[in-house]
Structure formats: structure tokens, C-alpha cells
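Engineer: The following block contains the structure, expressed as C-alpha cells.
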Amino acid sequence: MATRRGPRFKECRRLGVNACGHPKAMDRANAPAFRKKHKVSDYGMQLAEKQKVKAYYGIFEKQLRNYYAQASRSEQRTGDALITTLECRLDNLVYRIGFGNSIRLSRQLVSHGHILVNGKKVDIPSYQCKTGDVISLKEKSRKNETFKKNFLGAAKFKLAYLDKNEEGFAGTLLRTPERAEVPVEINDQLVVEFYSK
């Protein structure tokens, strides 16, 4: 299984957003060495927004192209459909619920079989969750101090479309998220423009 292994903090500084969710990711963002000294073209801005999507969700170019093709066939606005589809990926919801403190750890939790969806083990990070799906941590994995600390300390993700059950080590996708509720700093219209050329 392919994973993104590049330097996360450097990518965040280059894109200008804390895509990995680490509190120290943007510490050096305002240093003189990282200030942009030239004007960015329209293509450059579109490319940067596309790269942000890949960084936020930990996906590769081919996957993003497939998601875009799927979103362009949707009845929704293409940009909204793209972001809400990505938001409902299993690895992302595991991150939002708080089992992992980063998208990379959340992806690893899924692929290593620590996560259950409606009581059944699902080890595919790109699995598309549906409304009403209950995502929980496997009974044996609940004893792991790192997972427990992440889950109980993840108060930062209080999202209207997710319900968190701390006693049952679970979270429920209440409904499809609306674009305005998704906590990512992306101009999805520029992503649509990039792919529609």
C-alpha cells in the first residue's frame, strides 16, 4: 500500500496551511527564508489548492483525479461534492473522531485492523462511510494508552455531522457533511478549474 512519506512540516509551510494538524507545523512559516518573493500565476494558485487537498487527506494524484471525476458527475456543485466525498473516507473520519492524532496515524490504524465499522473490521482506508455508520475502536485496541489518550483528548473536533461516544470508544456519522462545516482551508473552485482544463 502506497503512503505519503515526505516531510510534513515543510509541505505545510510551502502550502501556507497546517494540513497535518500538528501544533508545531507552522512554527517557522513566517521566517524570512519561507516568505514568497514572487507573484504567483493563476495556474500556480490552482496547483497550490490542489496540493492542499492531497495534503489534508493524505491521498495521491490518481486517487484525487478519480474523486474529481466522481464529483463532476454528482448533482451537487463539483467542489462541494469533492470535499464532502473525501471527508467521508474512513481514514479521515477516524482522524476527525480522534482515534489518531494525524491523518497518517489514522490511516495506519485502519490498515492494521484496529477499526470496526458497524461492528465489522474494515481495513481499507478509502472505504466510503455512509450516514448512520458507527466507527469504533476494536476491544483489544482500547487498552492501548496512545489510542486512549488521543480519543479522550480530541476535544478540538466537535463537528455537527459526527457524534462521539466516549464510553463506547466510537463515533457515528450522523449525516453527509455540508461544505461549510468541513474544517479545511481549501478554495475548491480553484481545484475544479485546475482539473477542468
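Order determines the names: the first chain of the C-alpha cells is A, the second B, and so forth; residues in each chain are numbered 1 upward, and ligands are numbered 1 upward as they are shown.
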What lies within 9 Å of A:Gly171 using only C-alpha atoms, ignoring chain neighbours under 6 positions off, as an mmCIF file with C-alpha atoms, in the first residue's frame?
Structural biologist:
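Saved file around.cif follows:
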```cif
data_model
loop_
_atom_site.group_PDB
_atom_site.id
_atom_site.type_symbol
_atom_site.label_atom_id
_atom_site.label_comp_id
_atom_site.auth_asym_id
_atom_site.auth_seq_id
_atom_site.Cartn_x
_atom_site.Cartn_y
_atom_site.Cartn_z
ATOM 1 C CA LEU A 93 -13.371 10.054 9.918
ATOM 2 C CA VAL A 94 -11.084 8.051 12.224
ATOM 3 C CA ILE A 97 -13.336 11.285 15.734
ATOM 4 C CA ASP A 133 -22.261 4.193 10.200
ATOM 5 C CA VAL A 134 -20.757 3.615 13.654
ATOM 6 C CA ILE A 135 -16.946 3.710 13.674
ATOM 7 C CA SER A 136 -15.381 2.150 16.762
ATOM 8 C CA LEU A 162 -20.263 13.476 13.941
ATOM 9 C CA ASP A 163 -21.479 12.135 17.284
ATOM 10 C CA LYS A 164 -18.786 10.910 19.664
ATOM 11 C CA ASN A 165 -19.435 8.216 22.282
#
```
Engineer: In stretch 18-193 of chain A, what's alpha helix (DSSP H) per DSSP? Answer as a ChimeraX atom specification?
Structural biologist: /A:42-57,61-72,78-87,90-97,103-111,145-152,188-193
Engineer: To one decimal place in Å, what is the distance between atom CA of A:Val17 and atom CA of A:Asn66?
Structural biologist: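 Interatomic distance, atom CA of A:Val17 to atom CA of A:Asn66: 24.2 Å.
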Engineer: Using only C-alpha atoms, pick whichever of A:Gly58, A:Gly153, A:Gly113, A:Pro177 has the shortest atom-to-atom distance to A:Glu87.
Structural biologist: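 For A:Glu87, the nearest of the given residues is A:Pro177.
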Engineer: Rounded to one decimal place, report the atom CA of A:Gln51-atom CA of A:Ile186 distance in Å.
Structural biologist: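 If I compute the distance from atom CA of A:Gln51 to atom CA of A:Ile186, I get 9.7 Å.
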Engineer: Name all residues at most 8 Å from A:Leu137 (count only C-alpha atoms; drop same-chain ones fewer than 4 positions away) and give them as a VMD selection string.
Structural biologist: chain A and resid 99 114 to 116 141 to 142 169 to 170
Engineer: Under the rule that only C-alpha atoms are counted, which of A:Leu173, A:Leu64, A:Leu82, A:Val53 is the nearest residue to A:Val117?
Structural biologist: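 Looking at the shortest contact to A:Val117, the residue is A:Leu173.
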Engineer: Write out as a PyMOL selection string each polymer residue whose atoms come within 10 Å of A:Tyr195, counting only C-alpha atoms; drop sequence neighbours fewer than 5 positions from it.
Structural biologist: chain A and resi 46-47+50+65+68-69+190
Engineer: Go ahead and save the residues from that selection, with N, CA and C atoms, as an mmCIF file, in the first residue's frame.
Structural biologist:
```cif
data_model
loop_
_atom_site.group_PDB
_atom_site.id
_atom_site.type_symbol
_atom_site.label_atom_id
_atom_site.label_comp_id
_atom_site.auth_asym_id
_atom_site.auth_seq_id
_atom_site.Cartn_x
_atom_site.Cartn_y
_atom_site.Cartn_z
ATOM 1 N N GLN A 46 -3.988 27.604 -8.560
ATOM 2 C CA GLN A 46 -4.819 26.402 -8.731
ATOM 3 C C GLN A 46 -4.053 25.153 -8.295
ATOM 4 N N LEU A 47 -2.782 25.094 -8.694
ATOM 5 C CA LEU A 47 -1.946 23.949 -8.325
ATOM 6 C C LEU A 47 -1.780 23.853 -6.809
ATOM 7 N N LYS A 50 -4.879 22.450 -5.197
ATOM 8 C CA LYS A 50 -4.957 21.007 -5.465
ATOM 9 C C LYS A 50 -4.011 20.236 -4.545
ATOM 10 N N ARG A 65 -7.797 12.457 -8.852
ATOM 11 C CA ARG A 65 -8.417 12.544 -10.181
ATOM 12 C C ARG A 65 -9.701 11.708 -10.230
ATOM 13 N N TYR A 68 -12.364 13.468 -8.305
ATOM 14 C CA TYR A 68 -12.869 14.609 -9.080
ATOM 15 C C TYR A 68 -13.843 14.138 -10.161
ATOM 16 N N ALA A 69 -13.487 13.057 -10.852
ATOM 17 C CA ALA A 69 -14.367 12.520 -11.902
ATOM 18 C C ALA A 69 -15.716 12.115 -11.316
ATOM 19 N N LEU A 190 -10.911 26.618 -7.236
ATOM 20 C CA LEU A 190 -9.637 26.607 -7.957
ATOM 21 C C LEU A 190 -9.215 25.184 -8.327
#
```
Engineer: Taking into account only C-alpha atoms, which residue in the set A:Ile59, A:Cys129, A:Val110, A:Leu90 is nearest to A:Thr176?
Structural biologist: A:Cys129
Engineer: For each of A:Tyr161, A:Asn187, A:Gly168, A:Ile124, take the minimum atom-to-atom distance to A:Glu139, counting only C-alpha atoms, then give the residue where this is smallest.
Structural biologist: A:Gly168
Engineer: Counting only C-alpha atoms, which residue out of A:Thr172, A:Asn92, A:Gln108, A:Asn144 sits closest to A:Lys130?
Structural biologist: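 Looking at the shortest contact to A:Lys130, the residue is A:Thr172.
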Engineer: Looking at A:Ser102, A:Gln63, A:Thr84, A:Thr78, which one is nearest to A:Ser126, with distances taken over only C-alpha atoms?
Structural biologist: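 Using only C-alpha atoms, A:Ser126 sits closest to A:Gln63.
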